[in-house]
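These notes are about the structure you will find just below.
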Amino acid sequence: QLQLVESGGGLAHPGGSLRLSCAVSGYTSNYYGTGWFRQAPGKEREAVSFISSADGSTYVSDSVKGRFTISRDNAKNTVYLQMDRLKHECTAVYYCAVGSLATWINTWMDGKLDINNFAAWGQGTLVTVSS
């Protein structure tokens, strides 16, 4: 059974850091991506970053490039999102997701999200950036 368990998140000051974790279990494909979306109040869910299981390639949205870093620990089947130099506009619920590489790339290129195209979603974790 495919399952994603998120941890991390919480409250940070502007300029501060947080790290999100997403533990993946039960996914049998060799070519998939694991990554993060976020949804701010009143806004649509947007892709933040994902990492390929095939070669470790990473994709990071322009809005967080240079501040957020995605990585993985294959031994733990866990993906991390290190968020540095946080800004107020980073406040959102962050969702981990797993899907085929094609799904991730199509979503990334099109900028259109169909939640049902992804194999599984985490429960979401709230990140609040406030002074």
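Letters A, B, ... mark the chains of the structure tokens in the order given; residue numbers begin at 1 per chain; ligand numbers begin at 1, in order shown.
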Considering only C-alpha atoms, return as an mmCIF file with C-alpha atoms, in the first residue's frame whatever protein or nucleic-acid residues lie within 7 Å of Trp36 in chain A, sequence-local ones (same chain, fewer than 2 positions apart) excluded.
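Output saved as result-v5.cif:
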data_model
loop_
_atom_site.group_PDB
_atom_site.id
_atom_site.type_symbol
_atom_site.label_atom_id
_atom_site.label_comp_id
_atom_site.auth_asym_id
_atom_site.auth_seq_id
_atom_site.Cartn_x
_atom_site.Cartn_y
_atom_site.Cartn_z
ATOM 1 C CA ARG A 38 2.048 24.172 -1.659
ATOM 2 C CA ALA A 47 4.395 22.892 -7.655
ATOM 3 C CA VAL A 48 7.461 23.778 -5.641
ATOM 4 C CA SER A 49 10.047 21.117 -6.330
ATOM 5 C CA PHE A 50 10.494 17.470 -7.195
ATOM 6 C CA TYR A 94 2.831 21.952 1.864
ATOM 7 C CA TYR A 95 1.876 18.632 0.323
ATOM 8 C CA CYS A 96 4.192 15.818 -0.607
ATOM 9 C CA ALA A 97 3.222 13.856 -3.715
#
Within 12 Å of range 60-67 of chain A, which residues of range 78-103 of chain A come that close, and what is the closest atom pair and distance in Å for each? Count only C-alpha atoms and give it as a Markdown table.
| residue | atom | partner | partner_atom | distance |
| --- | --- | --- | --- | --- |
| A:Leu81 | CA | A:Arg67 | CA | 10.3 |
| A:Gln82 | CA | A:Arg67 | CA | 8.2 |
| A:Met83 | CA | A:Arg67 | CA | 6.2 |
| A:Asp84 | CA | A:Arg67 | CA | 5.1 |
| A:Arg85 | CA | A:Arg67 | CA | 6.0 |
| A:Leu86 | CA | A:Arg67 | CA | 7.6 |
| A:Lys87 | CA | A:Val64 | CA | 9.7 |
| A:Glu89 | CA | A:Ser63 | CA | 9.9 |
| A:Cys90 | CA | A:Val64 | CA | 8.8 |
Residues from the last selection, all heavy atoms, saved as a CSV table (one decimal), in the first residue's frame:
chain,number,residue,atom,x,y,z
A,81,LEU,N,12.8,18.6,1.9
A,81,LEU,CA,12.7,19.9,1.3
A,81,LEU,C,13.3,20.9,2.4
A,81,LEU,O,12.7,21.2,3.4
A,81,LEU,CB,11.3,20.4,0.9
A,81,LEU,CG,11.2,21.7,0.2
A,81,LEU,CD1,11.9,21.6,-1.2
A,81,LEU,CD2,9.8,22.1,0.1
A,82,GLN,N,14.5,21.3,2.1
A,82,GLN,CA,15.2,22.3,3.0
A,82,GLN,C,14.8,23.7,2.5
A,82,GLN,O,15.0,24.1,1.4
A,82,GLN,CB,16.7,22.1,2.9
A,82,GLN,CG,17.4,23.2,3.8
A,82,GLN,CD,17.2,23.0,5.3
A,82,GLN,OE1,17.1,21.9,5.8
A,82,GLN,NE2,17.1,24.1,6.0
A,83,MET,N,14.2,24.4,3.4
A,83,MET,CA,13.7,25.8,3.0
A,83,MET,C,14.4,26.8,3.8
A,83,MET,O,14.3,26.9,5.1
A,83,MET,CB,12.2,25.9,3.3
A,83,MET,CG,11.3,24.8,2.7
A,83,MET,SD,9.6,24.9,2.9
A,83,MET,CE,9.5,24.7,4.7
A,84,ASP,N,15.2,27.6,3.1
A,84,ASP,CA,16.0,28.7,3.8
A,84,ASP,C,15.5,30.0,3.3
A,84,ASP,O,14.8,30.2,2.3
A,84,ASP,CB,17.5,28.5,3.4
A,84,ASP,CG,18.0,27.2,3.9
A,84,ASP,OD1,17.7,26.8,5.1
A,84,ASP,OD2,18.8,26.5,3.2
A,85,ARG,N,15.9,31.0,4.1
A,85,ARG,CA,15.5,32.4,3.8
A,85,ARG,C,14.1,32.5,3.5
A,85,ARG,O,13.6,33.1,2.4
A,85,ARG,CB,16.4,32.9,2.6
A,85,ARG,CG,17.9,33.1,3.0
A,85,ARG,CD,18.6,33.8,1.9
A,85,ARG,NE,18.9,32.8,0.8
A,85,ARG,CZ,19.0,33.2,-0.5
A,85,ARG,NH1,18.8,34.4,-0.9
A,85,ARG,NH2,19.3,32.3,-1.4
A,86,LEU,N,13.3,32.0,4.4
A,86,LEU,CA,11.8,32.0,4.2
A,86,LEU,C,11.3,33.4,4.1
A,86,LEU,O,11.8,34.3,4.8
A,86,LEU,CB,11.2,31.2,5.3
A,86,LEU,CG,11.3,29.7,5.2
A,86,LEU,CD1,11.1,29.0,6.5
A,86,LEU,CD2,10.4,29.1,4.1
A,87,LYS,N,10.2,33.5,3.4
A,87,LYS,CA,9.5,34.8,3.2
A,87,LYS,C,8.1,34.6,3.7
A,87,LYS,O,7.6,33.5,3.7
A,87,LYS,CB,9.6,35.2,1.8
A,87,LYS,CG,10.9,35.4,1.2
A,87,LYS,CD,10.9,35.8,-0.3
A,87,LYS,CE,12.2,36.0,-0.9
A,87,LYS,NZ,12.2,36.5,-2.3
A,89,GLU,N,5.5,35.1,2.0
A,89,GLU,CA,4.7,34.5,1.0
A,89,GLU,C,4.9,33.0,0.9
A,89,GLU,O,4.3,32.3,0.1
A,89,GLU,CB,5.0,35.1,-0.4
A,89,GLU,CG,6.4,35.2,-0.8
A,89,GLU,CD,7.0,36.6,-0.4
A,89,GLU,OE1,6.7,37.1,0.6
A,89,GLU,OE2,7.8,37.0,-1.3
A,90,CYS,N,5.8,32.4,1.7
A,90,CYS,CA,6.0,31.0,1.8
A,90,CYS,C,5.0,30.3,2.7
A,90,CYS,O,4.9,29.1,2.7
A,90,CYS,CB,7.4,30.6,2.2
A,90,CYS,SG,8.7,31.2,1.1
- Shell of 12 Å around Tyr27 in chain A, only C-alpha atoms, local chain residues under 2 positions omitted, as a ChimeraX atom specification: /A:1-4,23-25,29-34,53,77,97-100,118-120
- Item | Residues flagged strand (DSSP E) by DSSP in chain A, as a count of residues only | 62
- Task: Could you find all residues in chain A that DSSP calls alpha helix (DSSP H) from the backbone, and write them as a list of chain:residue names?
- Result: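 In chain A, DSSP puts these residues in alpha helix (DSSP H): A:Leu101, A:Ala102, A:Thr103, A:Trp104, A:Ile105, A:Asn106, A:Thr107, A:Trp108, A:Met109, A:Asp110.
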- Message: At a cut-off of 9 Å, using only C-alpha atoms, what residues contact Ser131 in chain A? Leave out same-chain residues fewer than 5 positions from it and give the result as a ChimeraX atom specification.
- Response: /A:12-14,88
Dump as a compact mmCIF listing (two decimals), in the first residue's frame, selection limited to N, CA and C atoms:
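Output saved as out.txt:
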# COMPACT_ATOMS: atom_id res chain seq x y z
N ALA A 12 8.12 29.82 11.45
CA ALA A 12 9.46 30.36 11.26
C ALA A 12 9.37 31.87 11.06
N HIS A 13 10.43 32.55 11.41
CA HIS A 13 10.52 33.98 11.16
C HIS A 13 10.99 34.22 9.74
N PRO A 14 10.70 35.36 9.19
CA PRO A 14 11.26 35.69 7.87
C PRO A 14 12.78 35.60 7.90
N HIS A 88 7.43 35.73 3.93
CA HIS A 88 6.02 35.69 4.33
C HIS A 88 5.19 34.90 3.31
- Which one is closest to Ser17 in chain A: A:Ala102, A:Val5, A:Val127, A:Thr58? Count only C-alpha atoms.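 The closest residue to Ser17 in chain A is A:Val127.
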- Which residues come within 10 Å of Gly56 in chain A, counting only C-alpha atoms, excluding same-chain residues fewer than 4 positions away, as a VMD selection string? chain A and resid 33 50 to 52 70 to 72
- What is the distance, in Å and to one decimal place, between CA of Trp104 in chain A and CA of Gly35 in chain A? 8.7 Å
- Item | Distance in Å - CA of Gly9 in chain A versus CA of Leu126 in chain A |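 That distance, rounded to one decimal, is 5.8 Å.
Across A:Ser130, A:Thr91, A:Asn117, A:Asn106, the tightest approach to Ala40 in chain A is made by A:Thr91 when counting only C-alpha atoms.
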